[in-house]
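File shown: my_file.json. Contents: JSON, C-alpha atoms.
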[["chain", "number", "residue", "atom", "x", "y", "z"],
["S", 8, "MET", "CA", 16.74, -63.56, 83.18],
["S", 9, "ARG", "CA", 14.38, -60.80, 82.06],
["S", 10, "THR", "CA", 17.33, -58.63, 81.11],
["S", 11, "LYS", "CA", 18.80, -61.35, 78.91],
["S", 12, "VAL", "CA", 15.47, -61.82, 77.15],
["S", 13, "GLU", "CA", 15.18, -58.07, 76.51],
["S", 14, "TRP", "CA", 18.70, -57.96, 75.10],
["S", 15, "ALA", "CA", 17.97, -60.97, 72.89],
["S", 16, "SER", "CA", 14.82, -59.31, 71.57],
["S", 17, "ALA", "CA", 16.67, -56.05, 70.86],
["S", 18, "ILE", "CA", 19.42, -57.90, 68.96],
["S", 19, "ALA", "CA", 16.85, -59.83, 66.90],
["S", 20, "LEU", "CA", 15.01, -56.60, 66.00],
["S", 21, "ALA", "CA", 18.24, -54.89, 64.92],
["S", 22, "SER", "CA", 19.17, -57.88, 62.76],
["S", 23, "THR", "CA", 15.79, -57.82, 61.03],
["S", 24, "VAL", "CA", 16.05, -54.08, 60.22],
["S", 25, "LEU", "CA", 19.58, -54.52, 58.80],
["S", 26, "THR", "CA", 18.45, -57.39, 56.58],
["S", 27, "VAL", "CA", 15.61, -55.29, 55.12],
["S", 28, "LEU", "CA", 17.89, -52.34, 54.36],
["S", 29, "LEU", "CA", 20.53, -54.51, 52.67],
["S", 30, "GLY", "CA", 17.89, -56.21, 50.56],
["S", 31, "ALA", "CA", 16.49, -52.88, 49.36],
["S", 32, "THR", "CA", 19.92, -51.60, 48.27],
["S", 33, "GLY", "CA", 20.43, -54.64, 46.05],
["S", 34, "SER", "CA", 17.35, -53.96, 43.90],
["S", 35, "GLY", "CA", 17.73, -51.03, 41.44],
["S", 36, "ALA", "CA", 14.01, -50.57, 40.78],
["S", 37, "ALA", "CA", 13.09, -50.86, 44.46],
["S", 38, "ALA", "CA", 15.93, -48.60, 45.52],
["S", 39, "ALA", "CA", 14.85, -46.03, 43.10],
["S", 40, "ASP", "CA", 11.38, -46.10, 44.54],
["S", 41, "LEU", "CA", 12.79, -45.10, 47.89],
["S", 42, "ILE", "CA", 14.67, -42.03, 46.53],
["S", 43, "PRO", "CA", 12.53, -38.94, 45.96],
["S", 44, "MET", "CA", 12.97, -37.51, 42.39],
["S", 45, "LEU", "CA", 13.13, -33.78, 41.69],
["S", 46, "ALA", "CA", 10.60, -32.64, 39.08],
["S", 47, "GLU", "CA", 12.24, -31.36, 35.85],
["S", 48, "GLN", "CA", 12.30, -27.60, 35.83],
["S", 49, "LYS", "CA", 11.07, -26.18, 32.53],
["S", 50, "ALA", "CA", 11.67, -22.60, 31.43],
["S", 51, "PRO", "CA", 8.45, -20.58, 31.61],
["S", 52, "ALA", "CA", 6.78, -19.90, 28.27],
["S", 53, "ALA", "CA", 7.59, -16.45, 26.89],
["S", 54, "PHE", "CA", 4.86, -14.44, 25.19],
["S", 55, "VAL", "CA", 5.26, -11.39, 22.89],
["S", 56, "SER", "CA", 3.43, -8.52, 24.51],
["S", 57, "GLN", "CA", 3.17, -6.51, 21.28],
["S", 58, "PRO", "CA", 2.03, -7.72, 17.83],
["S", 59, "VAL", "CA", 4.76, -8.13, 15.24],
["S", 60, "VAL", "CA", 3.70, -6.29, 12.10],
["S", 61, "GLN", "CA", 5.69, -5.76, 8.93],
["S", 62, "ALA", "CA", 6.09, -2.07, 8.23],
["S", 63, "LEU", "CA", 4.12, -0.71, 5.29],
["S", 64, "PRO", "CA", 5.69, 1.69, 2.78],
["S", 65, "SER", "CA", 4.83, 5.30, 3.37],
["S", 66, "GLN", "CA", 2.71, 7.32, 1.00],
["S", 67, "ASP", "CA", 5.75, 9.44, 0.18],
["S", 68, "ALA", "CA", 7.62, 6.35, -0.94],
["S", 69, "ASP", "CA", 4.67, 5.38, -3.15],
["S", 70, "ASP", "CA", 4.64, 8.83, -4.71],
["S", 71, "GLN", "CA", 8.33, 8.61, -5.51],
["S", 72, "THR", "CA", 7.86, 5.23, -7.15],
["S", 73, "ALA", "CA", 4.87, 6.30, -9.18],
["S", 74, "ASP", "CA", 6.01, 9.75, -10.25],
["S", 75, "GLY", "CA", 9.58, 10.10, -9.06],
["S", 76, "SER", "CA", 10.91, 11.49, -12.33],
["S", 77, "ASP", "CA", 8.08, 13.93, -12.93],
["S", 78, "GLY", "CA", 9.72, 17.30, -13.45],
["S", 79, "SER", "CA", 13.04, 16.11, -12.06],
["S", 80, "SER", "CA", 14.84, 16.62, -15.37],
["S", 81, "THR", "CA", 16.11, 20.07, -16.16],
["S", 82, "ALA", "CA", 14.15, 21.27, -19.17],
["S", 83, "ASN", "CA", 15.95, 23.68, -21.45],
["S", 84, "ALA", "CA", 12.77, 25.63, -22.10],
["S", 85, "ASP", "CA", 10.81, 28.44, -20.50],
["S", 86, "SER", "CA", 7.40, 26.93, -21.20],
["S", 87, "LEU", "CA", 5.77, 23.65, -22.00],
["S", 88, "GLN", "CA", 4.88, 24.96, -25.45],
["S", 89, "GLU", "CA", 8.55, 25.67, -26.14],
["S", 90, "LEU", "CA", 9.54, 22.22, -24.92],
["S", 91, "VAL", "CA", 6.91, 20.58, -27.13],
["S", 92, "SER", "CA", 8.30, 22.47, -30.11],
["S", 93, "GLN", "CA", 11.77, 21.16, -29.31],
["S", 94, "LYS", "CA", 10.57, 17.56, -28.94],
["S", 95, "ALA", "CA", 8.48, 17.77, -32.12],
["S", 96, "SER", "CA", 11.65, 18.44, -34.10],
["S", 97, "ASP", "CA", 13.33, 15.26, -32.89],
["S", 98, "ASP", "CA", 13.96, 12.83, -35.74],
["S", 99, "ASP", "CA", 14.18, 9.73, -33.54],
["S", 100, "ASP", "CA", 12.16, 6.77, -34.72],
["S", 101, "LEU", "CA", 9.15, 6.07, -32.54],
["S", 102, "SER", "CA", 9.47, 2.77, -30.67],
["S", 103, "PRO", "CA", 6.39, 0.55, -30.15],
["S", 104, "GLU", "CA", 6.31, 1.55, -26.48],
["S", 105, "MET", "CA", 6.38, 5.25, -27.26],
["S", 106, "ARG", "CA", 3.73, 4.73, -29.92],
["S", 107, "CYS", "CA", 1.45, 3.23, -27.25],
["S", 108, "LEU", "CA", 2.07, 6.19, -24.96],
["S", 109, "ALA", "CA", 1.48, 8.72, -27.71],
["S", 110, "GLY", "CA", -1.67, 6.86, -28.76],
["S", 111, "ALA", "CA", -3.13, 7.13, -25.27],
["S", 112, "ILE", "CA", -2.45, 10.87, -25.23],
["S", 113, "TYR", "CA", -3.86, 11.34, -28.73],
["S", 114, "PHE", "CA", -7.12, 9.44, -28.22],
["S", 115, "GLU", "CA", -7.78, 10.50, -24.63],
["S", 116, "ALA", "CA", -6.75, 14.17, -24.70],
["S", 117, "ARG", "CA", -6.59, 15.30, -28.32],
["S", 118, "GLY", "CA", -7.62, 18.94, -28.58],
["S", 119, "GLU", "CA", -6.94, 19.68, -24.90],
["S", 120, "SER", "CA", -4.19, 21.95, -23.59],
["S", 121, "LEU", "CA", -0.63, 20.68, -23.46],
["S", 122, "GLU", "CA", -0.94, 20.43, -19.67],
["S", 123, "GLY", "CA", -4.03, 18.24, -20.07],
["S", 124, "GLN", "CA", -2.28, 15.98, -22.57],
["S", 125, "LEU", "CA", 0.78, 15.72, -20.33],
["S", 126, "ALA", "CA", -1.34, 14.77, -17.32],
["S", 127, "VAL", "CA", -2.90, 11.90, -19.28],
["S", 128, "GLY", "CA", 0.49, 10.77, -20.51],
["S", 129, "ARG", "CA", 1.92, 10.78, -16.99],
["S", 130, "VAL", "CA", -0.85, 8.46, -15.80],
["S", 131, "VAL", "CA", 0.38, 5.82, -18.27],
["S", 132, "VAL", "CA", 3.99, 6.41, -17.18],
["S", 133, "ASN", "CA", 3.07, 6.27, -13.50],
["S", 134, "ARG", "CA", 1.13, 3.06, -13.90],
["S", 135, "SER", "CA", 4.00, 1.32, -15.66],
["S", 136, "ARG", "CA", 6.31, 2.20, -12.75],
["S", 137, "SER", "CA", 3.92, 1.61, -9.86],
["S", 138, "GLY", "CA", 4.15, -2.17, -9.56],
["S", 139, "ARG", "CA", 0.34, -2.31, -9.52],
["S", 140, "PHE", "CA", -0.14, -2.33, -13.29],
["S", 141, "PRO", "CA", 1.70, -3.85, -16.26],
["S", 142, "ALA", "CA", 5.32, -2.72, -16.40],
["S", 143, "SER", "CA", 5.27, -1.37, -19.97],
["S", 144, "TYR", "CA", 3.40, 1.41, -21.72],
["S", 145, "CYS", "CA", 1.75, -0.98, -24.16],
["S", 146, "GLY", "CA", 0.84, -3.30, -21.28],
["S", 147, "VAL", "CA", -0.86, -0.41, -19.49],
["S", 148, "VAL", "CA", -2.67, 0.89, -22.57],
["S", 149, "TYR", "CA", -3.88, -2.54, -23.70],
["S", 150, "GLN", "CA", -4.87, -3.73, -20.23],
["S", 151, "ARG", "CA", -8.42, -4.96, -20.38],
["S", 152, "SER", "CA", -11.21, -2.44, -19.67],
["S", 153, "GLN", "CA", -8.89, 0.46, -18.91],
["S", 154, "PHE", "CA", -9.00, 2.72, -21.99],
["S", 155, "SER", "CA", -12.20, 3.12, -23.96],
["S", 156, "PHE", "CA", -10.47, 3.71, -27.29],
["S", 157, "ILE", "CA", -8.99, 0.19, -27.26],
["S", 158, "HIS", "CA", -11.22, -2.35, -28.99],
["S", 159, "GLY", "CA", -10.27, -6.01, -29.27],
["S", 160, "ARG", "CA", -6.61, -5.49, -28.41],
["S", 161, "SER", "CA", -6.20, -2.95, -31.20],
["S", 162, "MET", "CA", -5.78, 0.80, -31.42],
["S", 163, "PRO", "CA", -7.59, 2.86, -34.06],
["S", 164, "SER", "CA", -5.52, 4.05, -36.96],
["S", 165, "VAL", "CA", -3.84, 7.42, -36.69],
["S", 166, "ARG", "CA", -3.12, 10.02, -39.35],
["S", 167, "GLU", "CA", 0.55, 10.39, -38.49],
["S", 168, "ASP", "CA", 1.07, 13.51, -40.61],
["S", 169, "SER", "CA", -1.53, 15.43, -38.59],
["S", 170, "SER", "CA", -0.49, 18.15, -36.18],
["S", 171, "GLY", "CA", -2.48, 16.47, -33.41],
["S", 172, "TRP", "CA", -0.45, 13.26, -33.67],
["S", 173, "GLN", "CA", 2.86, 15.10, -33.88],
["S", 174, "GLU", "CA", 1.92, 17.07, -30.77],
["S", 175, "ALA", "CA", 0.94, 13.87, -28.94],
["S", 176, "VAL", "CA", 4.28, 12.31, -29.84],
["S", 177, "ALA", "CA", 6.15, 15.34, -28.46],
["S", 178, "VAL", "CA", 4.13, 15.28, -25.23],
["S", 179, "ALA", "CA", 4.77, 11.54, -24.92],
["S", 180, "ARG", "CA", 8.52, 12.15, -25.05],
["S", 181, "ILE", "CA", 8.21, 14.79, -22.34],
["S", 182, "ALA", "CA", 6.09, 12.49, -20.17],
["S", 183, "ASP", "CA", 8.51, 9.63, -20.68],
["S", 184, "ASP", "CA", 11.62, 11.49, -19.49],
["S", 185, "GLY", "CA", 9.84, 13.64, -16.89],
["S", 186, "ALA", "CA", 11.04, 16.85, -18.48],
["S", 187, "TRP", "CA", 8.07, 18.92, -17.27],
["S", 188, "LYS", "CA", 6.06, 18.71, -14.07],
["S", 189, "SER", "CA", 2.50, 17.47, -14.40],
["S", 190, "LYS", "CA", -0.37, 19.33, -12.72],
["S", 191, "ALA", "CA", -1.61, 15.94, -11.46],
["S", 192, "LYS", "CA", 1.59, 14.58, -9.99],
["S", 193, "GLY", "CA", 1.39, 10.95, -8.91],
["S", 194, "ALA", "CA", -1.95, 10.31, -10.64],
["S", 195, "LEU", "CA", -2.83, 6.71, -11.49],
["S", 196, "PHE", "CA", -6.47, 7.18, -12.53],
["S", 197, "PHE", "CA", -8.57, 9.71, -14.39],
["S", 198, "HIS", "CA", -12.01, 10.10, -15.86],
["S", 199, "ALA", "CA", -13.87, 12.69, -17.93],
["S", 200, "LYS", "CA", -15.48, 15.34, -15.78],
["S", 201, "ARG", "CA", -18.87, 14.66, -17.37],
["S", 202, "VAL", "CA", -19.14, 11.34, -15.50],
["S", 203, "SER", "CA", -19.22, 10.55, -11.77],
["S", 204, "PRO", "CA", -17.91, 7.03, -11.05],
["S", 205, "ASN", "CA", -17.85, 7.62, -7.25],
["S", 206, "TRP", "CA", -14.33, 6.25, -6.88],
["S", 207, "ARG", "CA", -12.99, 5.98, -3.33],
["S", 208, "LEU", "CA", -9.67, 7.47, -4.33],
["S", 209, "THR", "CA", -7.68, 10.57, -3.47],
["S", 210, "ARG", "CA", -8.58, 13.35, -5.87],
["S", 211, "LEU", "CA", -5.53, 15.29, -7.05],
["S", 212, "ALA", "CA", -6.59, 17.79, -9.67],
["S", 213, "GLN", "CA", -8.82, 18.66, -12.58],
["S", 214, "VAL", "CA", -6.97, 19.49, -15.75],
["S", 215, "ASP", "CA", -9.14, 20.52, -18.68],
["S", 216, "ASN", "CA", -11.78, 17.83, -19.22],
["S", 217, "HIS", "CA", -10.35, 15.19, -16.88],
["S", 218, "ILE", "CA", -10.22, 14.64, -13.13],
["S", 219, "PHE", "CA", -7.18, 12.83, -11.77],
["S", 220, "TYR", "CA", -6.77, 10.56, -8.76],
["S", 221, "ARG", "CA", -4.32, 8.25, -7.04]]
Kindly transcribe the structure held in the file into structure tokens.
Amino acid sequence: MRTKVEWASAIALASTVLTVLLGATGSGAAAADLIPMLAEQKAPAAFVSQPVVQALPSQDADDQTADGSDGSSTANADSLQELVSQKASDDDDLSPEMRCLAGAIYFEARGESLEGQLAVGRVVVNRSRSGRFPASYCGVVYQRSQFSFIHGRSMPSVREDSSGWQEAVAVARIADDGAWKSKAKGALFFHAKRVSPNWRLTRLAQVDNHIFYR
């Protein structure tokens, strides 16, 4: 009798377990709760170990931009004086741009040596090609507070039949085409040697009455 009761109890227990399992399978939400879910695996964040910096142009590249044509042309002359004499005989009409360049040479370096006049002229040329100043000779010369001889966007009148103006025009042509090397190659700034502006610039040379920098 006891054995029959034990068997009956075992059968009833088995039936109950089966009913529970079948009921769980029929419910999607409940079934899902019984199945362990794997956590989504995310790729680890990647970090740049070195800073990314855009390369800066070298000083050599800047020199080539500012004064790349200075002295690169082959001058058919043994001296700057001879070259000035050749350029002074040119009958080409003076363009407004060349007039601005010659004016800067005339008013800033009149009476100085040809090398001193050329160095001043090359500063105007270098500025126009540097990308840091106006891109034309007149733009450079008439830029506000740059040249003391400019007053109210106007240049003083010039006696164009004077030897000083004719010499300035010849030097301007040489500076423009880079036919003779300047003693202050690459210069972008200059001041009279009688003043001390304490500029934090690289000093290049002193030519006559001016000191040149870049």
Would you list the residues near (-1.9, 24.4, -19.7) (no more than 10 Å away, in the coordinates of the file, using all atoms listed in the file) as an mmCIF file with C-alpha atoms, in the frame of the given file?
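Printed below is result10.cif as written:
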data_model
loop_
_atom_site.group_PDB
_atom_site.id
_atom_site.type_symbol
_atom_site.label_atom_id
_atom_site.label_comp_id
_atom_site.auth_asym_id
_atom_site.auth_seq_id
_atom_site.Cartn_x
_atom_site.Cartn_y
_atom_site.Cartn_z
ATOM 1 C CA SER S 86 7.400 26.930 -21.200
ATOM 2 C CA LEU S 87 5.770 23.650 -22.000
ATOM 3 C CA GLN S 88 4.880 24.960 -25.450
ATOM 4 C CA GLU S 119 -6.940 19.680 -24.900
ATOM 5 C CA SER S 120 -4.190 21.950 -23.590
ATOM 6 C CA LEU S 121 -0.630 20.680 -23.460
ATOM 7 C CA GLU S 122 -0.940 20.430 -19.670
ATOM 8 C CA GLY S 123 -4.030 18.240 -20.070
ATOM 9 C CA GLN S 124 -2.280 15.980 -22.570
ATOM 10 C CA LEU S 125 0.780 15.720 -20.330
ATOM 11 C CA ALA S 126 -1.340 14.770 -17.320
ATOM 12 C CA SER S 189 2.500 17.470 -14.400
ATOM 13 C CA LYS S 190 -0.370 19.330 -12.720
ATOM 14 C CA VAL S 214 -6.970 19.490 -15.750
ATOM 15 C CA ASP S 215 -9.140 20.520 -18.680
#
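When only C-alpha atoms are used to compute distances to Phe154 (chain S), the closest of the residues S:Glu104, S:Asp97, S:Glu115, S:Asp85 turns out to be S:Glu115.
Proximity to Gln173 (chain S) was assessed for S:Asp100, S:Tyr113, S:Cys107, S:Ala84 counting all atoms listed in the file; the smallest distance is recorded for S:Tyr113.
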Q | Test item: residues at most 8 Å from region 208-210 of chain S, only C-alpha atoms, excluding those fewer than 2 positions along its chain, as a PyMOL selection string | A | chain S and resi 206+212+218-221
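Atom pair CA of Met162 (chain S) / CA of Arg106 (chain S) has a distance of 10.4 Å (rounded to one decimal).
Taking only C-alpha atoms, the non-local environment of Gln150 (chain S) within 9 Å (same-chain residues fewer than 3 positions away omitted) comprises S:Phe140, S:Pro141, S:Cys145, S:Gly146, S:Val147, S:Gln153, S:Phe154, S:Arg160.
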**Q.** Counting all atoms listed in the file, the option among S:Leu211, S:Ala194, S:Ala179, S:Ile112 closest to Leu90 (chain S)
**A.** S:Ala179
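Across the model, the gap from CA of Gly118 (chain S) to CA of Gly185 (chain S) is 21.7 Å.
For Arg180 (chain S), the set of protein, DNA and RNA residues having any atom at most 10 Å away, when counting only C-alpha atoms and skipping those fewer than 5 positions along the same chain, is Val91, Lys94, Ala95, Asp97, Leu101, Met105, Leu108, Ala109, Leu125, Gly128, Ala175, Gly185 and Ala186 of chain S.
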Enclose the full set of atoms of region 87-99 of chain S listed in the file within a box whose edges lie along x, y and z, apply 8 Å of padding to each of the six sides, and report centre and edge lengths in Å to one decimal as JSON.
{"center_x": 9.5, "center_y": 17.7, "center_z": -28.9, "size_x": 25.3, "size_y": 31.9, "size_z": 29.7}
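Of note, CA of Pro204 (chain S) and CA of Ala116 (chain S) are spaced 19.0 Å apart.
Minimum atom-to-atom distances from S:Gly110, S:Arg129, S:Asp99, S:Gly171 to Lys192 (chain S) were compared using only C-alpha atoms, and the lowest value belongs to S:Arg129.
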All heavy atoms are needed for region 165-176 of chain S; please write them out as a PDB file, in the frame of the given file.
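Dumped to out_38.pdb:
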ATOM      1  N   VAL S 165      -4.170   6.025 -36.959  1.00  0.00           N
ATOM      2  CA  VAL S 165      -3.840   7.420 -36.690  1.00  0.00           C
ATOM      3  C   VAL S 165      -3.296   8.055 -37.968  1.00  0.00           C
ATOM      4  O   VAL S 165      -2.512   7.431 -38.702  1.00  0.00           O
ATOM      5  CB  VAL S 165      -2.773   7.519 -35.574  1.00  0.00           C
ATOM      6  CG1 VAL S 165      -2.375   8.972 -35.348  1.00  0.00           C
ATOM      7  CG2 VAL S 165      -3.280   6.905 -34.294  1.00  0.00           C
ATOM      8  N   ARG S 166      -3.698   9.264 -38.236  1.00  0.00           N
ATOM      9  CA  ARG S 166      -3.120  10.020 -39.350  1.00  0.00           C
ATOM     10  C   ARG S 166      -1.835  10.661 -38.849  1.00  0.00           C
ATOM     11  O   ARG S 166      -1.846  11.702 -38.192  1.00  0.00           O
ATOM     12  CB  ARG S 166      -4.122  11.071 -39.837  1.00  0.00           C
ATOM     13  CG  ARG S 166      -3.947  11.464 -41.286  1.00  0.00           C
ATOM     14  CD  ARG S 166      -5.214  12.114 -41.854  1.00  0.00           C
ATOM     15  NE  ARG S 166      -5.716  13.180 -41.004  1.00  0.00           N
ATOM     16  CZ  ARG S 166      -5.301  14.441 -41.080  1.00  0.00           C
ATOM     17  NH1 ARG S 166      -4.366  14.784 -41.946  1.00  0.00           N
ATOM     18  NH2 ARG S 166      -5.836  15.353 -40.296  1.00  0.00           N
ATOM     19  N   GLU S 167      -0.722  10.024 -39.115  1.00  0.00           N
ATOM     20  CA  GLU S 167       0.550  10.390 -38.490  1.00  0.00           C
ATOM     21  C   GLU S 167       1.125  11.705 -39.016  1.00  0.00           C
ATOM     22  O   GLU S 167       2.061  12.248 -38.417  1.00  0.00           O
ATOM     23  CB  GLU S 167       1.562   9.257 -38.646  1.00  0.00           C
ATOM     24  CG  GLU S 167       1.118   7.989 -37.946  1.00  0.00           C
ATOM     25  CD  GLU S 167       2.218   6.952 -37.878  1.00  0.00           C
ATOM     26  OE1 GLU S 167       3.347   7.264 -38.312  1.00  0.00           O
ATOM     27  OE2 GLU S 167       1.947   5.840 -37.410  1.00  0.00           O
ATOM     28  N   ASP S 168       0.587  12.217 -40.123  1.00  0.00           N
ATOM     29  CA  ASP S 168       1.070  13.510 -40.610  1.00  0.00           C
ATOM     30  C   ASP S 168       0.259  14.670 -40.045  1.00  0.00           C
ATOM     31  O   ASP S 168       0.511  15.836 -40.376  1.00  0.00           O
ATOM     32  CB  ASP S 168       1.044  13.550 -42.140  1.00  0.00           C
ATOM     33  CG  ASP S 168      -0.370  13.341 -42.702  1.00  0.00           C
ATOM     34  OD1 ASP S 168      -1.265  12.923 -41.923  1.00  0.00           O
ATOM     35  OD2 ASP S 168      -0.579  13.585 -43.903  1.00  0.00           O
ATOM     36  N   SER S 169      -0.697  14.373 -39.163  1.00  0.00           N
ATOM     37  CA  SER S 169      -1.530  15.430 -38.590  1.00  0.00           C
ATOM     38  C   SER S 169      -0.781  16.139 -37.463  1.00  0.00           C
ATOM     39  O   SER S 169       0.084  15.557 -36.793  1.00  0.00           O
ATOM     40  CB  SER S 169      -2.837  14.848 -38.049  1.00  0.00           C
ATOM     41  OG  SER S 169      -2.594  13.995 -36.947  1.00  0.00           O
ATOM     42  N   SER S 170      -1.136  17.391 -37.249  1.00  0.00           N
ATOM     43  CA  SER S 170      -0.490  18.150 -36.180  1.00  0.00           C
ATOM     44  C   SER S 170      -0.853  17.593 -34.809  1.00  0.00           C
ATOM     45  O   SER S 170      -0.042  17.632 -33.877  1.00  0.00           O
ATOM     46  CB  SER S 170      -0.898  19.629 -36.280  1.00  0.00           C
ATOM     47  OG  SER S 170      -2.309  19.766 -36.161  1.00  0.00           O
ATOM     48  N   GLY S 171      -2.067  17.038 -34.683  1.00  0.00           N
ATOM     49  CA  GLY S 171      -2.480  16.470 -33.410  1.00  0.00           C
ATOM     50  C   GLY S 171      -1.625  15.272 -32.999  1.00  0.00           C
ATOM     51  O   GLY S 171      -1.262  15.139 -31.822  1.00  0.00           O
ATOM     52  N   TRP S 172      -1.296  14.413 -33.977  1.00  0.00           N
ATOM     53  CA  TRP S 172      -0.450  13.260 -33.670  1.00  0.00           C
ATOM     54  C   TRP S 172       0.977  13.704 -33.365  1.00  0.00           C
ATOM     55  O   TRP S 172       1.606  13.212 -32.418  1.00  0.00           O
ATOM     56  CB  TRP S 172      -0.443  12.277 -34.835  1.00  0.00           C
ATOM     57  CG  TRP S 172       0.528  11.147 -34.654  1.00  0.00           C
ATOM     58  CD1 TRP S 172       1.690  10.937 -35.342  1.00  0.00           C
ATOM     59  CD2 TRP S 172       0.434  10.085 -33.700  1.00  0.00           C
ATOM     60  NE1 TRP S 172       2.327   9.815 -34.884  1.00  0.00           N
ATOM     61  CE2 TRP S 172       1.581   9.262 -33.872  1.00  0.00           C
ATOM     62  CE3 TRP S 172      -0.475   9.747 -32.716  1.00  0.00           C
ATOM     63  CZ2 TRP S 172       1.813   8.126 -33.104  1.00  0.00           C
ATOM     64  CZ3 TRP S 172      -0.257   8.610 -31.947  1.00  0.00           C
ATOM     65  CH2 TRP S 172       0.879   7.818 -32.139  1.00  0.00           C
ATOM     66  N   GLN S 173       1.505  14.624 -34.119  1.00  0.00           N
ATOM     67  CA  GLN S 173       2.860  15.100 -33.880  1.00  0.00           C
ATOM     68  C   GLN S 173       2.974  15.756 -32.502  1.00  0.00           C
ATOM     69  O   GLN S 173       3.982  15.608 -31.803  1.00  0.00           O
ATOM     70  CB  GLN S 173       3.271  16.073 -34.988  1.00  0.00           C
ATOM     71  CG  GLN S 173       3.390  15.407 -36.353  1.00  0.00           C
ATOM     72  CD  GLN S 173       3.575  16.380 -37.491  1.00  0.00           C
ATOM     73  OE1 GLN S 173       3.702  17.603 -37.274  1.00  0.00           O
ATOM     74  NE2 GLN S 173       3.583  15.877 -38.720  1.00  0.00           N
ATOM     75  N   GLU S 174       1.928  16.472 -32.103  1.00  0.00           N
ATOM     76  CA  GLU S 174       1.920  17.070 -30.770  1.00  0.00           C
ATOM     77  C   GLU S 174       1.852  15.993 -29.684  1.00  0.00           C
ATOM     78  O   GLU S 174       2.549  16.077 -28.671  1.00  0.00           O
ATOM     79  CB  GLU S 174       0.718  18.017 -30.649  1.00  0.00           C
ATOM     80  CG  GLU S 174       0.716  18.863 -29.383  1.00  0.00           C
ATOM     81  CD  GLU S 174      -0.413  19.883 -29.403  1.00  0.00           C
ATOM     82  OE1 GLU S 174      -1.582  19.476 -29.215  1.00  0.00           O
ATOM     83  OE2 GLU S 174      -0.131  21.079 -29.631  1.00  0.00           O
ATOM     84  N   ALA S 175       1.043  14.965 -29.902  1.00  0.00           N
ATOM     85  CA  ALA S 175       0.940  13.870 -28.940  1.00  0.00           C
ATOM     86  C   ALA S 175       2.269  13.141 -28.786  1.00  0.00           C
ATOM     87  O   ALA S 175       2.656  12.739 -27.672  1.00  0.00           O
ATOM     88  CB  ALA S 175      -0.153  12.894 -29.375  1.00  0.00           C
ATOM     89  N   VAL S 176       2.979  12.972 -29.885  1.00  0.00           N
ATOM     90  CA  VAL S 176       4.280  12.310 -29.840  1.00  0.00           C
ATOM     91  C   VAL S 176       5.265  13.152 -29.013  1.00  0.00           C
ATOM     92  O   VAL S 176       6.021  12.623 -28.182  1.00  0.00           O
ATOM     93  CB  VAL S 176       4.834  12.075 -31.257  1.00  0.00           C
ATOM     94  CG1 VAL S 176       6.300  11.641 -31.205  1.00  0.00           C
ATOM     95  CG2 VAL S 176       3.990  11.030 -31.991  1.00  0.00           C
TER      96      VAL S 176
END
